[in-house]
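Shown here: start-v5.cif, mmCIF, C-alpha atoms and all ligand atoms.
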```
data_entry
#
loop_
_atom_site.label_atom_id
_atom_site.label_comp_id
_atom_site.auth_asym_id
_atom_site.auth_seq_id
_atom_site.Cartn_x
_atom_site.Cartn_y
_atom_site.Cartn_z
CA MET A 290 79.44 22.93 152.93
CA ALA A 291 77.64 23.87 156.08
CA LEU A 292 78.97 22.38 159.23
CA ILE A 293 76.19 20.50 160.89
CA ASN A 294 77.08 19.15 164.26
CA PRO A 295 74.25 16.91 165.43
CA LYS A 296 75.84 16.32 168.81
CA LYS A 297 76.16 19.97 169.71
CA LYS A 298 73.06 20.70 167.64
CA GLU A 299 74.89 23.46 165.87
CA VAL A 300 74.83 24.58 162.25
CA GLN A 301 77.50 26.80 160.79
CA VAL A 302 76.68 28.47 157.53
CA LYS A 303 78.97 30.48 155.29
CA ILE A 304 77.55 33.23 153.13
CA VAL A 305 79.72 35.26 150.80
CA TYR A 306 79.03 38.70 149.35
CA TYR A 307 80.61 38.63 145.92
CA GLY A 308 80.82 41.24 143.18
CA PRO A 309 82.99 43.82 141.47
CA GLY A 310 85.34 45.99 143.53
CA ARG A 311 83.71 49.09 144.98
CA GLY A 312 80.25 47.73 144.33
CA GLY A 313 79.19 48.06 147.95
CA LYS A 314 79.81 44.66 149.56
CA THR A 315 81.64 46.05 152.55
CA THR A 316 79.04 48.80 152.91
CA ASN A 317 76.31 46.15 153.08
CA LEU A 318 77.95 44.40 156.00
CA GLU A 319 78.89 47.67 157.65
CA TYR A 320 75.28 48.76 157.51
CA ILE A 321 74.08 45.57 159.13
CA ASN A 322 76.84 45.71 161.68
CA GLN A 323 76.01 49.30 162.63
CA LYS A 324 72.28 49.14 162.44
CA PHE A 325 71.78 45.92 164.31
CA LYS A 326 74.71 46.23 166.65
CA SER A 327 72.56 45.84 169.72
CA ARG A 328 71.13 42.55 168.48
CA ILE A 329 74.03 41.00 166.70
CA LYS A 330 76.44 41.09 169.61
CA ALA A 331 79.40 40.32 167.41
CA GLU A 332 82.13 42.33 165.85
CA MET A 333 82.78 42.82 162.19
CA VAL A 334 86.38 42.26 161.27
CA THR A 335 87.80 44.02 158.29
CA VAL A 336 91.20 43.00 157.15
CA LYS A 337 92.55 45.90 155.23
CA THR A 338 95.79 47.49 154.34
CA TYR A 339 96.89 50.88 153.24
CA GLY A 340 95.09 52.80 150.57
CA ASP A 341 92.52 50.27 149.61
CA ARG A 342 89.23 49.58 151.20
CA THR A 343 89.29 45.82 151.09
CA LEU A 344 92.53 44.18 150.19
CA PHE A 345 91.52 41.01 151.87
CA PHE A 346 88.05 40.61 153.20
CA ASP A 347 85.43 41.51 155.76
CA PHE A 348 84.01 39.03 158.15
CA LEU A 349 80.79 39.33 160.11
CA PRO A 350 79.54 36.53 162.33
CA LEU A 351 75.82 36.41 163.04
CA ASP A 352 74.19 34.18 165.59
CA ILE A 353 70.59 33.51 164.63
CA GLY A 354 69.88 31.59 167.77
CA SER A 355 68.10 28.31 168.15
CA ILE A 356 65.72 27.17 165.44
CA ASN A 357 64.08 23.79 165.84
CA GLY A 358 66.66 22.85 168.39
CA TYR A 359 69.58 23.80 166.20
CA ASP A 360 71.81 26.70 167.07
CA ILE A 361 72.35 28.51 163.78
CA LYS A 362 75.51 30.50 163.30
CA ILE A 363 76.17 32.37 160.10
CA GLN A 364 79.43 33.76 158.87
CA PHE A 365 79.34 36.51 156.31
CA TYR A 366 82.34 37.27 154.17
CA THR A 367 83.06 39.77 151.45
CA VAL A 368 85.69 39.25 148.81
CA PRO A 369 88.17 41.76 147.45
CA GLY A 370 87.24 42.90 143.97
CA GLN A 371 90.64 43.58 142.48
CA VAL A 372 91.74 41.10 139.86
CA LYS A 373 95.02 40.30 141.56
CA TYR A 374 93.31 38.99 144.68
CA ASN A 375 91.76 35.96 143.10
CA ALA A 376 93.56 33.65 145.50
CA THR A 377 91.88 35.37 148.43
CA ARG A 378 88.56 35.19 146.63
CA LYS A 379 88.95 31.46 146.17
CA LEU A 380 89.90 31.01 149.78
CA VAL A 381 86.85 32.91 150.90
CA LEU A 382 84.59 30.98 148.52
CA ARG A 383 85.72 27.62 149.74
CA GLY A 384 82.86 25.87 151.47
CA VAL A 385 80.35 28.59 150.63
CA ASP A 386 76.69 27.83 151.34
CA GLY A 387 75.06 30.93 149.91
CA ILE A 388 76.05 33.91 147.80
CA VAL A 389 74.85 37.47 147.49
CA PHE A 390 76.05 38.96 144.24
CA VAL A 391 76.30 42.72 144.76
CA ALA A 392 76.19 44.33 141.34
CA ASP A 393 76.96 48.00 140.82
CA SER A 394 74.10 49.84 139.10
CA MET A 395 76.32 52.58 137.72
CA GLY A 396 76.27 52.60 133.95
CA LEU A 397 80.03 52.56 133.84
CA ARG A 398 80.23 49.34 135.80
CA ARG A 399 78.28 47.15 133.43
CA GLU A 400 81.30 45.26 132.11
CA MET A 401 82.74 44.85 135.59
CA ASN A 402 79.56 43.23 136.87
CA ILE A 403 79.56 40.74 134.04
CA ARG A 404 83.22 39.94 134.46
CA SER A 405 82.90 39.50 138.18
CA LEU A 406 80.03 37.06 137.74
CA GLN A 407 82.10 35.09 135.25
CA ASN A 408 84.95 35.06 137.70
CA LEU A 409 82.59 33.73 140.38
CA GLU A 410 81.45 30.93 138.12
CA GLU A 411 85.01 30.01 137.20
CA ASN A 412 86.16 29.98 140.79
CA LEU A 413 83.27 27.79 141.83
CA ARG A 414 83.95 25.46 138.96
CA SER A 415 87.47 24.98 140.29
CA PHE A 416 85.80 23.46 143.38
CA ASN A 417 83.47 21.46 141.16
CA LYS A 418 80.56 23.63 142.17
CA ASP A 419 77.88 24.99 139.97
CA LEU A 420 76.54 28.49 140.61
CA SER A 421 73.09 27.49 139.45
CA ARG A 422 72.92 25.02 142.32
CA ILE A 423 74.03 27.32 145.09
CA PRO A 424 71.57 29.56 146.94
CA LEU A 425 72.01 32.96 145.33
CA VAL A 426 70.52 36.44 145.59
CA PHE A 427 71.30 39.33 143.27
CA GLN A 428 71.48 42.77 144.75
CA TYR A 429 71.45 45.67 142.32
CA ASN A 430 73.12 48.27 144.47
CA LYS A 431 73.54 52.04 144.44
CA ARG A 432 70.02 52.72 143.18
CA ASP A 433 70.11 55.93 145.28
CA LEU A 434 72.46 57.46 142.73
CA ALA A 435 69.55 57.99 140.36
CA ALA A 436 68.56 60.89 142.59
CA HIS A 437 71.99 62.39 141.94
CA ASN A 438 71.57 62.40 138.20
CA ILE A 439 73.98 59.58 137.68
CA ALA A 440 73.32 57.24 134.80
CA LEU A 441 72.19 53.88 136.15
CA LEU A 442 71.72 50.60 134.37
CA PRO A 443 68.02 49.83 133.91
CA LEU A 444 66.83 46.94 135.99
CA GLU A 445 65.96 44.96 132.85
CA THR A 446 69.50 45.36 131.52
CA MET A 447 71.01 44.09 134.74
CA GLN A 448 68.61 41.19 134.85
CA GLN A 449 69.41 40.37 131.25
CA ASP A 450 73.17 40.67 131.77
CA LEU A 451 73.42 38.73 134.98
CA ASN A 452 70.33 36.83 135.91
CA ALA A 453 68.77 35.69 132.64
CA LYS A 454 69.87 32.09 132.97
CA LEU A 455 70.16 31.82 136.73
CA ASN A 456 66.78 33.30 137.48
CA ALA A 457 67.66 33.92 141.11
CA PRO A 458 65.81 36.27 143.46
CA TYR A 459 66.94 39.88 143.08
CA LEU A 460 66.56 43.16 144.91
CA GLU A 461 67.27 46.76 144.08
CA ALA A 462 69.12 48.33 146.97
CA SER A 463 71.23 51.09 148.34
CA ALA A 464 73.85 49.94 150.78
CA ILE A 465 74.59 53.51 151.71
CA THR A 466 71.04 54.42 152.71
CA GLY A 467 70.27 50.91 153.88
CA ASP A 468 67.40 50.37 151.47
CA ASN A 469 66.79 46.64 151.09
CA VAL A 470 70.10 45.79 152.75
CA ALA A 471 68.50 43.87 155.59
CA LEU A 472 66.01 42.35 153.19
CA THR A 473 68.84 41.06 151.01
CA MET A 474 70.38 39.42 154.02
CA LYS A 475 67.10 37.93 155.18
CA LYS A 476 66.50 36.51 151.74
CA ILE A 477 69.86 34.82 151.44
CA ILE A 478 69.70 33.41 154.97
CA SER A 479 66.25 32.10 154.36
CA ILE A 480 67.02 30.31 151.11
CA THR A 481 70.38 29.05 152.33
CA ILE A 482 68.94 27.52 155.47
CA GLY A 483 66.06 26.26 153.35
CA SER A 484 68.54 24.39 151.18
CA LEU A 485 69.96 22.72 154.27
CA LYS A 486 66.57 21.54 155.53
CA LYS A 487 66.99 18.08 154.13
CA LYS A 488 70.32 17.67 155.81
CA LEU A 489 68.97 18.98 159.08
CA GLU A 490 66.19 16.43 158.97
CA GLU A 491 68.48 13.53 158.21
CA LYS A 492 70.71 14.08 161.18
CA MET B 15 56.70 19.05 152.38
CA THR B 16 56.66 17.61 155.87
CA ASP B 17 55.44 19.36 158.98
CA LYS B 18 58.95 19.45 160.25
CA GLU B 19 60.17 21.41 157.24
CA ASP B 20 57.31 23.82 157.51
CA ALA B 21 57.94 24.42 161.16
CA LEU B 22 61.54 25.16 160.39
CA SER B 23 60.81 27.78 157.76
CA THR B 24 58.19 29.45 159.88
CA ALA B 25 60.43 29.55 162.90
CA LEU B 26 63.31 30.86 160.84
CA ASP B 27 61.30 33.54 159.10
CA GLN B 28 59.92 34.66 162.44
CA ARG B 29 63.38 34.87 163.90
CA LEU B 30 64.73 36.78 160.91
CA ASP B 31 61.85 39.22 161.08
CA ASP B 32 62.64 39.89 164.72
CA LEU B 33 66.34 40.16 164.10
CA PHE B 34 66.10 42.53 161.16
CA ASP B 35 63.09 44.54 162.20
CA GLU B 36 64.22 48.06 161.43
CA GLY B 37 61.13 49.67 162.87
CA ASN B 38 61.89 48.92 166.48
CA LEU B 39 65.51 49.83 166.51
CA ASP B 40 65.27 53.37 167.83
CA VAL B 41 64.05 52.16 171.16
CA GLU B 42 66.67 49.50 171.50
CA GLU B 43 69.74 51.23 170.32
CA PRO B 44 71.66 52.53 173.29
CA LYS B 45 73.65 55.22 171.54
CA PRO B 46 71.97 57.03 168.67
CA SER B 47 75.12 58.74 167.50
CA VAL B 48 77.30 55.75 166.74
CA SER B 49 76.17 55.08 163.25
CA GLU B 50 76.77 57.68 160.65
CA LYS B 51 75.67 55.35 157.93
CA SER B 52 72.18 54.83 159.23
CA SER B 53 71.50 58.53 159.28
CA ALA B 54 73.04 59.00 155.87
CA PRO B 55 69.84 59.38 153.87
CA LYS B 56 68.60 62.47 155.60
CA ASP B 57 71.99 63.90 156.46
CA LYS B 58 73.40 63.46 153.05
CA PRO B 59 74.36 66.97 152.08
CA GLN B 60 72.90 68.44 148.96
CA ASN B 61 76.41 68.38 147.91
CA SER B 62 78.50 71.06 146.36
CA ARG B 63 79.87 68.60 143.84
CA PRO B 64 76.85 66.95 142.33
CA ASN B 65 78.92 64.90 139.96
CA ASN B 66 81.41 63.55 142.41
CA PHE B 67 80.60 59.97 141.58
CA LYS B 68 81.40 60.56 137.98
CA ALA B 69 84.73 61.99 138.97
CA THR B 70 85.47 58.72 140.69
CA GLU B 71 85.35 56.95 137.43
CA SER B 72 87.78 59.22 135.63
CA GLN B 73 91.39 58.26 135.31
CA GLN B 74 92.91 60.71 137.74
CA PRO B 75 91.63 60.67 141.28
CA GLY B 76 90.30 63.98 142.49
CA GLY B 77 88.95 65.15 139.15
CA GLU B 78 88.71 68.86 138.56
CA VAL B 79 89.80 69.80 142.09
CA MET B 80 93.06 67.92 141.84
CA ARG B 81 93.81 68.57 138.21
CA GLY B 82 96.46 71.24 138.74
CA LEU B 83 98.20 69.30 141.45
CA ASN B 84 98.11 66.08 139.45
CA ALA B 85 99.60 67.79 136.40
CA LEU B 86 102.44 69.24 138.46
CA LEU B 87 103.14 65.90 140.07
CA LEU B 88 103.29 64.34 136.65
CA SER B 89 105.82 66.89 135.47
CA MET B 90 108.02 66.07 138.46
CA GLU B 91 108.64 62.72 136.87
CA TRP B 92 110.53 64.55 134.15
CA GLU B 93 112.28 67.10 136.19
CA ILE B 94 112.29 68.36 139.73
CA ASP B 95 113.39 71.98 139.69
CA ASP B 96 112.63 75.11 141.66
CA SER B 97 110.07 76.29 139.22
CA VAL B 98 107.88 73.21 139.32
CA MET B 99 108.27 72.84 143.07
CA SER B 100 107.26 76.45 143.69
CA LYS B 101 104.23 76.01 141.49
CA TYR B 102 103.35 72.82 143.33
CA LEU B 103 103.56 74.48 146.74
CA ALA B 104 101.59 77.49 145.49
CA GLU B 105 98.86 75.20 144.17
CA ILE B 106 98.68 73.48 147.54
CA GLN B 107 98.23 76.84 149.23
CA ARG B 108 95.53 77.83 146.80
CA LEU B 109 93.66 74.59 147.48
CA GLN B 110 94.10 74.97 151.22
CA GLU B 111 92.54 78.41 151.01
CA LEU B 112 89.62 77.05 148.99
CA HIS B 113 89.00 74.11 151.34
CA LYS B 114 89.91 75.73 154.61
CA ASP B 115 86.77 74.38 156.29
CA ASP B 116 87.50 70.80 155.33
CA MET B 117 89.72 69.39 158.04
CA PHE B 118 90.52 66.18 156.19
CA PHE B 119 91.44 68.00 153.04
CA ILE B 120 93.69 70.39 154.95
CA ASN B 121 95.41 67.61 156.84
CA PHE B 122 96.08 65.68 153.67
CA THR B 123 97.52 68.73 151.94
CA LYS B 124 99.74 69.39 154.95
CA MET B 125 101.45 66.10 154.33
CA LEU B 126 101.86 66.95 150.66
CA GLU B 127 103.22 70.35 151.59
CA SER B 128 105.72 68.91 153.99
CA ILE B 129 107.03 66.42 151.44
CA GLY B 130 106.96 69.10 148.74
CA LEU B 131 109.16 71.37 150.82
CA TYR B 132 111.57 68.53 151.45
CA LEU B 133 111.69 67.71 147.78
CA LYS B 134 112.27 71.33 146.87
CA ARG B 135 115.22 71.48 149.24
CA HIS B 136 116.85 68.24 148.18
CA LYS B 137 115.62 67.74 144.61
CA VAL B 138 117.35 64.77 142.98
CA HIS B 139 119.16 64.00 146.22
CA ALA B 140 115.94 63.42 148.05
CA HIS B 141 115.19 59.95 149.34
CA GLN B 142 114.49 57.62 146.45
CA ASP B 143 110.97 56.89 147.62
CA THR B 144 109.92 60.53 147.88
CA LEU B 145 108.05 60.79 144.62
CA LYS B 146 106.34 57.50 145.21
CA ILE B 147 105.10 58.60 148.62
CA LEU B 148 103.97 61.91 147.21
CA GLN B 149 102.02 60.12 144.50
CA GLU B 150 100.47 57.79 147.00
CA ILE B 151 99.31 60.48 149.36
CA GLN B 152 98.09 62.67 146.54
CA ALA B 153 96.13 59.81 145.03
CA GLY B 154 94.72 59.22 148.50
CA LEU B 155 93.58 62.82 148.67
CA GLY B 156 92.08 62.53 145.21
CA LEU B 157 90.13 59.50 146.26
CA LEU B 158 88.91 61.33 149.33
CA VAL B 159 87.71 64.16 147.12
CA ASP B 160 85.93 61.73 144.82
CA MET B 161 84.30 59.86 147.63
CA GLN B 162 83.60 62.93 149.73
CA ASP B 163 79.90 62.30 150.19
CA SER B 164 79.94 58.57 150.40
CA LEU B 165 82.44 58.29 153.22
CA SER B 166 81.44 58.88 156.81
CA ASP B 167 83.69 61.06 158.96
CA LYS B 168 84.75 57.95 160.78
CA GLU B 169 85.84 56.34 157.53
CA LYS B 170 87.62 59.49 156.47
CA LYS B 171 89.45 59.48 159.73
CA ILE B 172 90.51 55.86 159.39
CA TYR B 173 91.61 56.62 155.88
CA PHE B 174 93.52 59.68 156.97
CA ASN B 175 95.18 57.81 159.83
CA GLN B 176 96.39 55.08 157.52
CA THR B 177 97.89 57.64 155.23
CA TYR B 178 99.35 59.59 158.10
CA GLU B 179 101.06 56.50 159.45
CA ARG B 180 102.58 55.96 156.07
CA PHE B 181 103.74 59.55 156.02
CA GLN B 182 105.26 59.25 159.51
CA VAL B 183 107.18 56.14 158.56
CA PHE B 184 108.58 57.93 155.56
CA ARG B 185 109.41 61.05 157.53
CA LYS B 186 111.34 59.08 160.08
CA GLN B 187 113.15 57.30 157.30
CA ILE B 188 114.44 60.51 155.82
CA THR B 189 115.38 61.97 159.18
CA GLY B 190 117.49 58.89 159.81
CA LYS B 191 115.64 57.40 162.75
CA SER B 192 115.01 54.39 160.63
CA ALA B 193 115.85 51.74 163.20
CA ASP B 194 112.78 52.01 165.40
CA VAL B 195 110.60 52.97 162.47
CA THR B 196 111.32 49.76 160.68
CA LYS B 197 110.51 48.00 163.87
CA ALA B 198 107.24 49.87 164.27
CA SER B 199 106.09 49.13 160.76
CA LEU B 200 107.30 45.60 161.12
CA ASN B 201 105.14 45.27 164.20
CA LYS B 202 102.17 46.54 162.28
CA ASN B 203 102.84 44.05 159.56
CA THR B 204 103.20 41.24 162.03
CA GLU B 205 99.85 42.16 163.50
CA LEU B 206 98.18 41.94 160.13
CA VAL B 207 99.96 38.74 159.23
CA THR B 208 98.93 37.22 162.55
CA LEU B 209 95.34 38.19 161.93
CA ILE B 210 95.29 36.74 158.45
CA ARG B 211 97.13 33.66 159.57
CA GLY B 212 94.51 33.20 162.28
CA ILE B 213 91.73 33.39 159.76
CA VAL B 214 93.40 31.02 157.35
CA ARG B 215 94.11 28.64 160.18
CA LYS B 216 90.46 28.71 161.11
CA GLU B 217 89.57 27.96 157.51
CA LEU B 218 91.88 24.97 157.52
CA ALA B 219 90.46 23.76 160.82
CA MET B 220 87.03 23.98 159.26
CA LEU B 221 88.17 22.05 156.25
CA ARG B 222 89.58 19.38 158.50
CA LYS B 223 86.33 19.25 160.45
CA GLU B 224 84.36 18.98 157.24
CA LEU B 225 86.47 16.10 156.05
CA LEU B 226 86.12 14.29 159.34
CA GLU B 227 82.42 14.92 159.22
CA GLU B 228 82.24 13.46 155.75
CA LEU B 229 84.27 10.43 156.76
CA ARG B 230 82.06 9.90 159.74
CA SER B 231 78.87 10.18 157.76
CA ALA B 232 80.22 7.64 155.29
CA GLN B 233 80.19 5.14 158.11
CA PRO B 234 76.91 3.64 159.30
CA LYS B 235 75.34 5.94 161.81
CA GLN B 236 72.88 5.48 164.63
CA PRO B 237 69.25 6.31 163.92
N1 LIG A 501 75.84 56.18 146.48
C1 LIG A 501 76.12 54.97 146.92
N2 LIG A 501 77.39 54.65 147.19
C2 LIG A 501 77.64 53.42 147.65
C3 LIG A 501 76.63 52.45 147.82
N3 LIG A 501 77.21 51.32 148.29
C4 LIG A 501 78.53 51.59 148.40
N4 LIG A 501 78.80 52.85 148.02
C5 LIG A 501 80.10 53.51 147.99
O1 LIG A 501 80.90 52.83 147.04
C6 LIG A 501 82.23 52.73 147.49
C7 LIG A 501 82.67 51.28 147.54
O2 LIG A 501 81.91 50.57 148.52
P1 LIG A 501 82.49 49.28 149.26
O3 LIG A 501 81.43 48.80 150.18
O4 LIG A 501 83.82 49.55 149.84
O5 LIG A 501 82.64 48.30 148.03
P2 LIG A 501 83.26 46.84 147.96
O6 LIG A 501 84.57 46.97 147.27
O7 LIG A 501 82.27 46.05 147.15
O8 LIG A 501 83.40 46.31 149.36
C8 LIG A 501 82.27 53.40 148.83
O9 LIG A 501 82.71 54.71 148.65
C9 LIG A 501 80.84 53.36 149.30
O10 LIG A 501 80.55 54.41 150.17
C10 LIG A 501 75.29 52.82 147.50
O11 LIG A 501 74.32 52.06 147.62
N5 LIG A 501 75.11 54.07 147.03
MG MG A 502 85.04 45.74 150.32
#
```
Can you give me the file's structure in the form of structure tokens?
Amino acid sequence: MALINPKKKEVQVKIVYYGPGRGGKTTNLEYINQKFKSRIKAEMVTVKTYGDRTLFFDFLPLDIGSINGYDIKIQFYTVPGQVKYNATRKLVLRGVDGIVFVADSMGLRREMNIRSLQNLEENLRSFNKDLSRIPLVFQYNKRDLAAHNIALLPLETMQQDLNAKLNAPYLEASAITGDNVALTMKKIISITIGSLKKKLEEK
Amino acid sequence: MTDKEDALSTALDQRLDDLFDEGNLDVEEPKPSVSEKSSAPKDKPQNSRPNNFKATESQQPGGEVMRGLNALLLSMEWEIDDSVMSKYLAEIQRLQELHKDDMFFINFTKMLESIGLYLKRHKVHAHQDTLKILQEIQAGLGLLVDMQDSLSDKEKKIYFNQTYERFQVFRKQITGKSADVTKASLNKNTELVTLIRGIVRKELAMLRKELLEELRSAQPKQP
């Protein structure tokens, strides 16, 4: 749940990048962090340990500035993909306001995408939350690999596998080249804040 | 939809457009060289291993390049004798010759070589963790090979440094200077634990705030 502080006129929003391990979540945030360094004025924190790229999680704070008198602060998190880190994933998911599901377009990752989405739904259910009622954007990542002759899942397959019921906005992207990375972030911020509008008005 | 809501979306969209406008960045960015990622599309080498991403998916890290080395390492689990160790060291030299322009590759293999020599000298009397360390570093090298084109030099360096630290800790262990080593690695651990603890603590503080907020909003509030 977003923290809305009417006295300080501050809104804190938590957005989580979820998805299978090695799908490109960290690369998404790294791209934003690098590319918009001069505007973001915050540091990305990556908690990692030996030999693995994200044993725990990445954290990127983003200050949007004042909108309608409210200072909007967003915190982006990524979760570790490995099965054994489900406790960390749950911790990171707690209080989530919006989710970007980064799916891996590589043909070989089809199962992993599906399983990761199931895991997301289960974890949310343990907080009595329903994925279909949380602002969500699908990002079909690594589309650049097509140019390297690597078998990719067709868009329709990914949509069918992951988004058939949820019918959430989706984007094809390449976190490594930056294609649609910023757009993904804009989209999720926009719909997440949109979902808070009512609350902002009430206060 | 009320005017207020509309105003909010418009203001937000405007702000997001400004914030994430990629067109104007060149002028604003103070140092053009910082980001390796952002220049990746054009710099991306027409790589010598077109199928490197496929290799990533195979069981053994490093694919074709590392096959010989991986097979020899596997056979060490059965027996560590002069013959297998000589072959292992010879394979390292062959690879070093092949990749002599790749600094990261060379540096990784130097660690393998150093441990290989130690293992050859001491065989079954070597430190009990030797094989494990060797496997770890070799798997690390394999991963580096697989991910060659998708890692920036900065990332490779971070990756190498992590591995090198690991190697140093081990080396000091076997040369007996374990006292300060343990302390050093303990310090590192403490750092990490402190960081994580900090984050978790923040999470808990947030939870507490949320609960208070909820309690407060359950009470009648001023208009
Ligand atoms: N070709 C390509 N590689 C990518 C892309 N996104 C991520 N990667 C690579 O995939 C690997 C895993 O990415 P990472 O961001 O660590 O995944 P995470 O586990 O989801 O955080 C890294 O080697 C990245 O460089 C992409 O869009 N295209
Ligand atoms: Mg990661």
> What's the 7 Å shell around Tyr359 in chain A, counting all atoms listed in the file, without same-chain residues fewer than 4 positions away, as a ChimeraX atom specification?
Replying inline: /A:298-300,355
Output for the residues just chosen: C-alpha atoms as a CSV table (one decimal), in the coordinates of the input:
```csv
chain,number,residue,atom,x,y,z
A,298,LYS,CA,73.1,20.7,167.6
A,299,GLU,CA,74.9,23.5,165.9
A,300,VAL,CA,74.8,24.6,162.2
A,355,SER,CA,68.1,28.3,168.2
```
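You will find CA of Ile478 in chain A at 9.9 Å from CA of Val389 in chain A.
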>> I'd like the neighbourhood of range 18-31 of chain B as number ranges by chain, where a residue qualifies if any of its atoms comes within 9 Å (using only C-alpha atoms), though same-chain residues fewer than 3 positions away should be ignored.
In response: A: 353-354, 356-357, 475, 478-479, 482-483, 486-487, 490; B: 15, 34-35
> Mind listing the residues within 6 Å of ligand LIG 501 (chain A), all atoms listed in the file counted, as an NGL selection string?
Replying inline: (:A and (310-316 or 342 or 370 or 430-431 or 433-434 or 463-465)) or (:B and (161 or 164-165))
> What does the distance between CA of Leu460 in chain A and CA of Asn375 in chain A come to in Å, to one decimal place?
Replying inline: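 That distance, rounded to one decimal, is 26.3 Å.
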> Within 9 Å of Met80 in chain B, counting only C-alpha atoms, which residues qualify if same-chain residues fewer than 6 places away don't, as a ChimeraX atom specification?
Replying inline: /B:74,109,152,155-156,159
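Considering all atoms listed in the file, the residue among B:Gly37, B:Pro75, B:Gln107, B:His141 positioned nearest to Gly190 in chain B is B:His141.
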> By how many Å are CA of Phe427 in chain A and CA of Val368 in chain A apart?
Replying inline: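 So the answer is 15.4 Å.
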